[in-house]
Structures are given as structure tokens and as C-alpha cells.
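Novice: Can you read through this structure? Questions will come right after.
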Amino acid sequence: MTRQIDIALFTQTTGDLDILAAVGKVFLVQLVPWRLALQEHSARFDVLELTNLVHRMKGSCHVVAAMAAATAFEQAENGLKQMNAESWRPNCHRLLALTEEIEADLQAVMVAQAQR
Amino acid sequence: MAVKTAGGHRRILRSSLDQLDEKLGPKAMKRLAAASEKKTDQIAPTYGSRLTDLGVLIVEDDAVVATAITANLAKLYPEIACLVATDGLDAVLHLERQRPSVLITDLNMTPFDGFSLIKMVSSRPEYQAMSIVVISGLSDQEIQARGGLPPNVLFYPKPLSMERLKGFFDAYVHLHRQQMLPSNHDTPD
């Protein structure tokens with residue numbers, strides 16, 4: 001698993017590490033409806049809904065300093081209009097897998113911070 | 001805007017720096033200070049009637065971004081009361097009831113976006129004393145294409161740097177405290 005959360009960047013851009021607990025908790029809660037929405041909108045290939053969703057996911061990734069993920073969501077957002085349902089499918093799978101990586105890494109970071 | 005010199009070096013035009021200053025730098029803060037000075041003649045918000053009370057309404061459909069802002073403000077400025085609305089319509093209800101001193105709003109929201117909210121707020125005299133801060137990932141061109149923003153609005157691009165927001169609130173809280181000095185208000189017995 002790659003490291004998704006850049007702790008040093010988080011403290012520079014979002015706030016102190018005690019803020020991470022509050023922000024991380026909301027992020028993890030949001031992941032569940034985001035994944036469901038990503039699957040639903042992808043099944044219908046609803047470009048407008050997908051664009052809004054990946055835009056919001058990108059913004060949230062920036063907040064928790066998951067920069068590689070934020071870039072992936074941004075690329076997806078920018079590329080959506082040129083795609084069709086078929087070409088979008090692998091992107092959807094990739095983004096879903098990415099959310100799992102972020103979830104695991106964020107949980108690990110939050111546990112480590114709580115134990116300090 | 002940058003230009004390339006004959007030697008291949010990039011030079012940033014002074015006019016571009018001035019524009020940036022106008023929007024984000026010291027000039028923007030001076031505008032904010034000037035607007036705040038006028039507040040004493042206008043309808044006072046519900047928040048702000050005491051030295052320790054400052055109300056901030058955050059209009060943001062991304063719960064993670066909203067939490068980052070509220071958590072930072074709660075930690076750094078305990079006297080600030082934060083409210084969160086998830087879109088412009090939700091914000092209107094909060095505005096009517098709470099009369100916050102500062103409105104921080106995203107632009108891209110559904111069904112009632114930040115442009116509509118700012119337009120509504122700007123047209124109503126009871127909200128003229130409120131400071132408006134926009135945080136958005138939209139580019140200048142996209143904002144202009146959607147009608148632009150009024151000149152008294154402070155704009156911070158997304159991804160939002162909390163340091164910049166802290167800078168704004170440092171200045172704002174300082175101004176608020178000065179306005180709330182005992183010369184204008186009842187002093188405790």
C-alpha cells in the first residue's frame with residue numbers, strides 16, 4: 001500500500017494534528033456515500049453528477065493532504081466530458097480502489113496520532 | 001500575467017501584481033477595514049453585540065472542508081460562533097435567524113449556488129455590514145462567465161490555505177475588538 005496522506009503537508013495547509021482527528025472522521029464517514037454515489041452515477045454515466053462528485057472528493061482529498069488522490073480526482077473531473085460509459089468504467093474502478101487506500105492510510109495515521 | 005524577455009526570462013507585469021493585491025493582498029484587507037468602519041452606522045448583527053460574540057456562517061457543501069474551517073476557527077478564536085449551511089438556501093435561513101458578522105461561502109453548490117446567495121445578500125440593506133469571503137476552486141474566467149463577484153468580496157482560491165483564512169480572521173477579530181471598546185458600549189459596573 002502506498003502512503004496517501006502527507007502529514008507534513010497537512011500541518012502546513014489545513015492545521016495542527018489535533019484538527020486531523022476531526023477532519024479525518026468526517027472524511028471517513030463521507031467515504032461510504034461517496035463510493036455508493038460513484039457506483040450509481042457511473043452505472044448511469046451521469047456526467048453532471050459524476051463531475052460534481054469527483055470535484056467534491058478532490059476538494060476533500062486536498063483537505064486531508066491526500067495529494068496523489070486529489071490529482072487523480074482532478075484528472076477524472078477534467079476528462080469526464082471526453083469519455084463515454086465504456087471508457088469511464090476503468091477510471092471508476094481505479095477511483096474506488098484509491099478511496100480504499102486513502103481510508104486505510106487515514107485510519108492508520110489517525111490511530112498513530114491518537115496513541116501519541 | 002507574465003512576459004518573456006529577449007533573454008528568455010519571465011517577468012511578471014506590475015499590473016498583474018496590482019490586480020492580485022487588489023483581490024487578495026493588503027488592498028483587499030484595507031477595503032475590508034473600510035467596510036467594517038461603516039458598520040457602526042448600520043444595523044448591528046445579532047452576533048457582535050458583545051466583545052466576545054462573533055458569528056460566522058460557513059456555506060459549503062463539502063463537509064470535510066467545512067469541518068476543517070470550523071475546527072480551526074474553534075481552536076484559534078473561541079469567541080467566534082460558527083454555523084454551517086450546505087447550500088445557499090440553507091444559508092438564507094441561517095442568515096435571517098442568526099445575522100452573522102462574516103459569511104464564508106463556496107460558489108459551486110446545488111441547488112442554490114454561492115453566486116445567487118451573494119447577489120441576494122448584496123441587494124439587502126440588512127446584510128450590508130456583513131463581510132463576505134468566497135472560497136472556490138473556480139478560475140477567474142469561470143467566475144466572470146457566471147457574472148463575477150462584487151468588489152467588496154474577499155476571494156480565496158481552493159485548495160484553501162488555512163493560513164490565509166487565519167490571517168483574515170486575525171485582522172477581523174482585531175477590528176471587531178476595537179469597535180467593541182467601551183467608548184461605544186456600556187461598561188460593566
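Scheme for the C-alpha cells: letters A, B, ... for chains in order shown; per-chain residue numbers from 1; ligand numbers from 1 in order shown.
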Please check the contacts: residues of chain A at most 12 Å away from chain B, using only C-alpha atoms, listed as a PyMOL selection string.

Specialist: chain A and resi 9-31+34+48-49+51-67+70-71+74

Novice: Put those residues in a file: N, CA and C atoms, as a CSV table (one decimal), in the first residue's frame.

Specialist:
chain,number,residue,atom,x,y,z
A,9,LEU,N,2.5,18.0,5.0
A,9,LEU,CA,1.7,19.0,4.2
A,9,LEU,C,0.4,19.3,4.9
A,10,PHE,N,-0.2,18.4,5.5
A,10,PHE,CA,-1.5,18.6,6.3
A,10,PHE,C,-1.3,19.8,7.3
A,11,THR,N,-0.2,19.7,8.0
A,11,THR,CA,0.1,20.7,9.0
A,11,THR,C,0.4,22.1,8.4
A,12,GLN,N,0.9,22.1,7.2
A,12,GLN,CA,1.1,23.3,6.5
A,12,GLN,C,-0.1,24.0,5.9
A,13,THR,N,-1.0,23.1,5.4
A,13,THR,CA,-2.1,23.7,4.7
A,13,THR,C,-3.5,23.7,5.4
A,14,THR,N,-3.7,22.6,6.3
A,14,THR,CA,-5.0,22.5,6.9
A,14,THR,C,-5.0,22.9,8.4
A,15,GLY,N,-4.0,22.4,9.1
A,15,GLY,CA,-4.0,22.8,10.5
A,15,GLY,C,-3.1,21.8,11.3
A,16,ASP,N,-3.2,22.0,12.6
A,16,ASP,CA,-2.4,21.2,13.5
A,16,ASP,C,-2.9,19.8,13.5
A,17,LEU,N,-2.1,18.9,14.1
A,17,LEU,CA,-2.5,17.5,14.0
A,17,LEU,C,-3.8,17.1,14.8
A,18,ASP,N,-4.1,17.9,15.8
A,18,ASP,CA,-5.4,17.6,16.5
A,18,ASP,C,-6.6,17.9,15.6
A,19,ILE,N,-6.4,18.8,14.6
A,19,ILE,CA,-7.5,19.0,13.7
A,19,ILE,C,-7.7,17.8,12.8
A,20,LEU,N,-6.7,17.1,12.6
A,20,LEU,CA,-6.7,15.9,11.7
A,20,LEU,C,-7.8,14.9,12.2
A,21,ALA,N,-7.9,14.7,13.5
A,21,ALA,CA,-8.9,13.8,14.0
A,21,ALA,C,-10.3,14.2,13.6
A,22,ALA,N,-10.6,15.5,13.8
A,22,ALA,CA,-12.0,16.0,13.4
A,22,ALA,C,-12.2,15.9,11.9
A,23,VAL,N,-11.3,16.3,11.1
A,23,VAL,CA,-11.4,16.3,9.7
A,23,VAL,C,-11.4,14.9,9.1
A,24,GLY,N,-10.5,14.0,9.7
A,24,GLY,CA,-10.4,12.6,9.2
A,24,GLY,C,-11.7,11.9,9.5
A,25,LYS,N,-12.3,12.1,10.6
A,25,LYS,CA,-13.5,11.4,11.0
A,25,LYS,C,-14.6,11.7,10.0
A,26,VAL,N,-14.8,13.0,9.6
A,26,VAL,CA,-15.8,13.4,8.7
A,26,VAL,C,-15.5,12.8,7.3
A,27,PHE,N,-14.2,12.8,6.9
A,27,PHE,CA,-13.8,12.2,5.7
A,27,PHE,C,-14.2,10.7,5.6
A,28,LEU,N,-13.9,10.0,6.6
A,28,LEU,CA,-14.1,8.6,6.6
A,28,LEU,C,-15.7,8.3,6.6
A,29,VAL,N,-16.4,9.1,7.3
A,29,VAL,CA,-17.9,9.0,7.2
A,29,VAL,C,-18.4,9.2,5.8
A,30,GLN,N,-17.8,10.3,5.1
A,30,GLN,CA,-18.3,10.6,3.8
A,30,GLN,C,-17.9,9.6,2.8
A,31,LEU,N,-16.9,8.8,3.0
A,31,LEU,CA,-16.4,7.8,2.0
A,31,LEU,C,-17.5,6.8,1.6
A,34,TRP,N,-20.0,8.4,-0.7
A,34,TRP,CA,-19.3,8.8,-1.9
A,34,TRP,C,-19.1,7.5,-2.8
A,48,LEU,N,-22.9,15.0,-15.3
A,48,LEU,CA,-23.1,16.1,-14.4
A,48,LEU,C,-22.9,15.7,-12.9
A,49,GLU,N,-23.5,14.6,-12.5
A,49,GLU,CA,-23.4,14.2,-11.2
A,49,GLU,C,-22.0,13.7,-10.9
A,51,THR,N,-19.3,14.7,-12.3
A,51,THR,CA,-18.4,15.8,-12.2
A,51,THR,C,-18.5,16.5,-10.9
A,52,ASN,N,-19.7,16.7,-10.4
A,52,ASN,CA,-19.9,17.3,-9.1
A,52,ASN,C,-19.3,16.4,-8.0
A,53,LEU,N,-19.5,15.1,-8.1
A,53,LEU,CA,-19.0,14.2,-7.1
A,53,LEU,C,-17.5,14.2,-7.0
A,54,VAL,N,-16.8,14.0,-8.1
A,54,VAL,CA,-15.4,13.9,-8.1
A,54,VAL,C,-14.7,15.2,-7.8
A,55,HIS,N,-15.4,16.3,-8.1
A,55,HIS,CA,-14.9,17.6,-7.7
A,55,HIS,C,-14.9,17.8,-6.2
A,56,ARG,N,-16.0,17.3,-5.6
A,56,ARG,CA,-16.1,17.4,-4.1
A,56,ARG,C,-15.0,16.4,-3.5
A,57,MET,N,-14.9,15.3,-4.0
A,57,MET,CA,-13.9,14.3,-3.5
A,57,MET,C,-12.5,14.9,-3.6
A,58,LYS,N,-12.3,15.5,-4.7
A,58,LYS,CA,-10.9,16.2,-4.9
A,58,LYS,C,-10.7,17.2,-3.8
A,59,GLY,N,-11.7,18.0,-3.5
A,59,GLY,CA,-11.6,19.1,-2.5
A,59,GLY,C,-11.3,18.5,-1.1
A,60,SER,N,-12.0,17.4,-0.8
A,60,SER,CA,-11.8,16.7,0.5
A,60,SER,C,-10.4,16.1,0.6
A,61,CYS,N,-10.0,15.5,-0.6
A,61,CYS,CA,-8.6,14.9,-0.6
A,61,CYS,C,-7.6,16.0,-0.3
A,62,HIS,N,-7.8,17.2,-0.8
A,62,HIS,CA,-6.8,18.3,-0.6
A,62,HIS,C,-6.8,18.6,0.9
A,63,VAL,N,-8.0,18.6,1.5
A,63,VAL,CA,-8.0,19.0,3.0
A,63,VAL,C,-7.2,18.0,3.8
A,64,VAL,N,-7.4,16.7,3.5
A,64,VAL,CA,-6.6,15.7,4.3
A,64,VAL,C,-5.2,15.4,3.7
A,65,ALA,N,-4.8,16.3,2.8
A,65,ALA,CA,-3.5,16.2,2.2
A,65,ALA,C,-3.2,14.9,1.5
A,66,ALA,N,-4.2,14.3,0.9
A,66,ALA,CA,-4.1,13.1,0.0
A,66,ALA,C,-3.8,13.6,-1.4
A,67,MET,N,-2.6,14.1,-1.7
A,67,MET,CA,-2.4,14.8,-2.9
A,67,MET,C,-2.5,14.0,-4.2
A,70,ALA,N,-6.0,13.5,-4.9
A,70,ALA,CA,-6.6,14.7,-5.3
A,70,ALA,C,-6.3,14.9,-6.8
A,71,THR,N,-5.1,14.6,-7.2
A,71,THR,CA,-4.7,14.7,-8.6
A,71,THR,C,-5.5,13.8,-9.5
A,74,GLU,N,-8.9,15.1,-9.9
A,74,GLU,CA,-8.9,16.2,-10.8
A,74,GLU,C,-8.9,15.8,-12.2

Novice: Excluding region 92-107 of chain B and its own-chain neighbours fewer than 2 positions away, which residues fall within 7 Å of it when counting only C-alpha atoms? Please give them as number ranges by chain.

Specialist: B: 45-48, 54-60, 88-90, 109, 113-115, 130-136

Novice: What does the file look like for those residues with N, CA, C and O atoms, as a CSV table (one decimal), in the first residue's frame?

Specialist:
chain,number,residue,atom,x,y,z
B,45,PRO,N,-25.5,43.2,13.6
B,45,PRO,CA,-25.9,41.8,13.5
B,45,PRO,C,-26.2,41.3,14.9
B,45,PRO,O,-25.8,41.9,15.9
B,46,THR,N,-27.0,40.2,14.9
B,46,THR,CA,-27.3,39.6,16.2
B,46,THR,C,-26.0,39.2,17.0
B,46,THR,O,-25.8,39.5,18.1
B,47,TYR,N,-25.1,38.6,16.2
B,47,TYR,CA,-23.7,38.3,16.7
B,47,TYR,C,-23.0,39.7,16.7
B,47,TYR,O,-23.3,40.5,15.9
B,48,GLY,N,-22.1,39.8,17.6
B,48,GLY,CA,-21.3,41.1,17.6
B,48,GLY,C,-21.8,42.1,18.6
B,48,GLY,O,-21.2,43.2,18.7
B,54,LEU,N,-18.9,36.7,18.0
B,54,LEU,CA,-18.7,37.0,16.6
B,54,LEU,C,-19.4,35.8,15.9
B,54,LEU,O,-19.0,34.6,16.2
B,55,GLY,N,-20.2,36.0,15.0
B,55,GLY,CA,-20.9,34.9,14.3
B,55,GLY,C,-20.3,34.7,12.9
B,55,GLY,O,-20.2,35.7,12.1
B,56,VAL,N,-20.0,33.5,12.5
B,56,VAL,CA,-19.5,33.2,11.1
B,56,VAL,C,-20.4,32.1,10.5
B,56,VAL,O,-20.6,31.1,11.2
B,57,LEU,N,-21.0,32.4,9.4
B,57,LEU,CA,-21.7,31.4,8.6
B,57,LEU,C,-20.9,30.8,7.5
B,57,LEU,O,-20.4,31.6,6.7
B,58,ILE,N,-20.7,29.5,7.5
B,58,ILE,CA,-19.9,28.9,6.5
B,58,ILE,C,-20.8,28.1,5.6
B,58,ILE,O,-21.6,27.3,6.1
B,59,VAL,N,-20.8,28.5,4.3
B,59,VAL,CA,-21.7,27.8,3.4
B,59,VAL,C,-20.9,27.0,2.5
B,59,VAL,O,-20.1,27.5,1.6
B,60,GLU,N,-21.0,25.7,2.7
B,60,GLU,CA,-20.0,24.8,2.0
B,60,GLU,C,-20.7,23.4,1.9
B,60,GLU,O,-21.1,22.9,2.9
B,88,GLY,N,-26.9,27.5,-0.6
B,88,GLY,CA,-27.4,28.9,-0.5
B,88,GLY,C,-28.7,29.0,0.2
B,88,GLY,O,-29.0,30.0,1.0
B,89,LEU,N,-29.6,28.1,-0.1
B,89,LEU,CA,-31.0,28.2,0.5
B,89,LEU,C,-30.9,28.0,2.0
B,89,LEU,O,-31.5,28.7,2.8
B,90,ASP,N,-30.2,27.0,2.4
B,90,ASP,CA,-29.9,26.7,3.9
B,90,ASP,C,-29.3,27.9,4.5
B,90,ASP,O,-29.7,28.3,5.6
B,109,MET,N,-22.4,25.2,-5.7
B,109,MET,CA,-23.3,24.4,-4.9
B,109,MET,C,-24.6,24.2,-5.6
B,109,MET,O,-25.0,25.0,-6.4
B,113,ASP,N,-26.7,28.2,-5.6
B,113,ASP,CA,-25.3,28.4,-5.5
B,113,ASP,C,-24.8,29.7,-4.8
B,113,ASP,O,-25.6,30.5,-4.4
B,114,GLY,N,-23.5,29.8,-4.7
B,114,GLY,CA,-22.9,30.9,-4.0
B,114,GLY,C,-23.1,32.3,-4.7
B,114,GLY,O,-23.3,33.3,-4.1
B,115,PHE,N,-23.2,32.2,-6.0
B,115,PHE,CA,-23.4,33.5,-6.8
B,115,PHE,C,-24.8,34.0,-6.5
B,115,PHE,O,-25.0,35.2,-6.2
B,130,MET,N,-22.2,42.9,6.8
B,130,MET,CA,-21.6,41.6,6.8
B,130,MET,C,-20.4,41.5,5.9
B,130,MET,O,-20.5,41.9,4.7
B,131,SER,N,-19.3,40.9,6.3
B,131,SER,CA,-18.1,40.7,5.5
B,131,SER,C,-18.3,39.4,4.7
B,131,SER,O,-18.7,38.4,5.3
B,132,ILE,N,-18.0,39.4,3.5
B,132,ILE,CA,-18.2,38.2,2.7
B,132,ILE,C,-16.8,37.7,2.2
B,132,ILE,O,-16.0,38.4,1.6
B,133,VAL,N,-16.6,36.4,2.4
B,133,VAL,CA,-15.3,35.7,2.0
B,133,VAL,C,-15.8,34.6,1.1
B,133,VAL,O,-16.6,33.7,1.5
B,134,VAL,N,-15.2,34.5,-0.1
B,134,VAL,CA,-15.5,33.5,-1.1
B,134,VAL,C,-14.3,32.5,-1.1
B,134,VAL,O,-13.2,32.9,-1.2
B,135,ILE,N,-14.7,31.2,-1.0
B,135,ILE,CA,-13.6,30.2,-1.2
B,135,ILE,C,-14.1,29.3,-2.4
B,135,ILE,O,-15.2,28.7,-2.3
B,136,SER,N,-13.3,29.2,-3.4
B,136,SER,CA,-13.8,28.5,-4.6
B,136,SER,C,-12.6,27.9,-5.4
B,136,SER,O,-11.6,28.6,-5.5

Novice: Give me, please, the distance in Å between CA of Ala76 (chain A) and CA of Leu95 (chain A), quoted to one decimal.

Specialist: 8.7 Å

Novice: Just the number, please: distance in Å from CA of Asp140 (chain B) to CA of Leu73 (chain B), one decimal.

Specialist: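 CA of Leu73 (chain B) lies 27.2 Å from CA of Asp140 (chain B).
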
Novice: Mind giving me the straight-line distance from CA of Arg44 (chain A) to CA of Gly79 (chain A) in Å, one decimal?

Specialist: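 It comes out at 17.0 Å.
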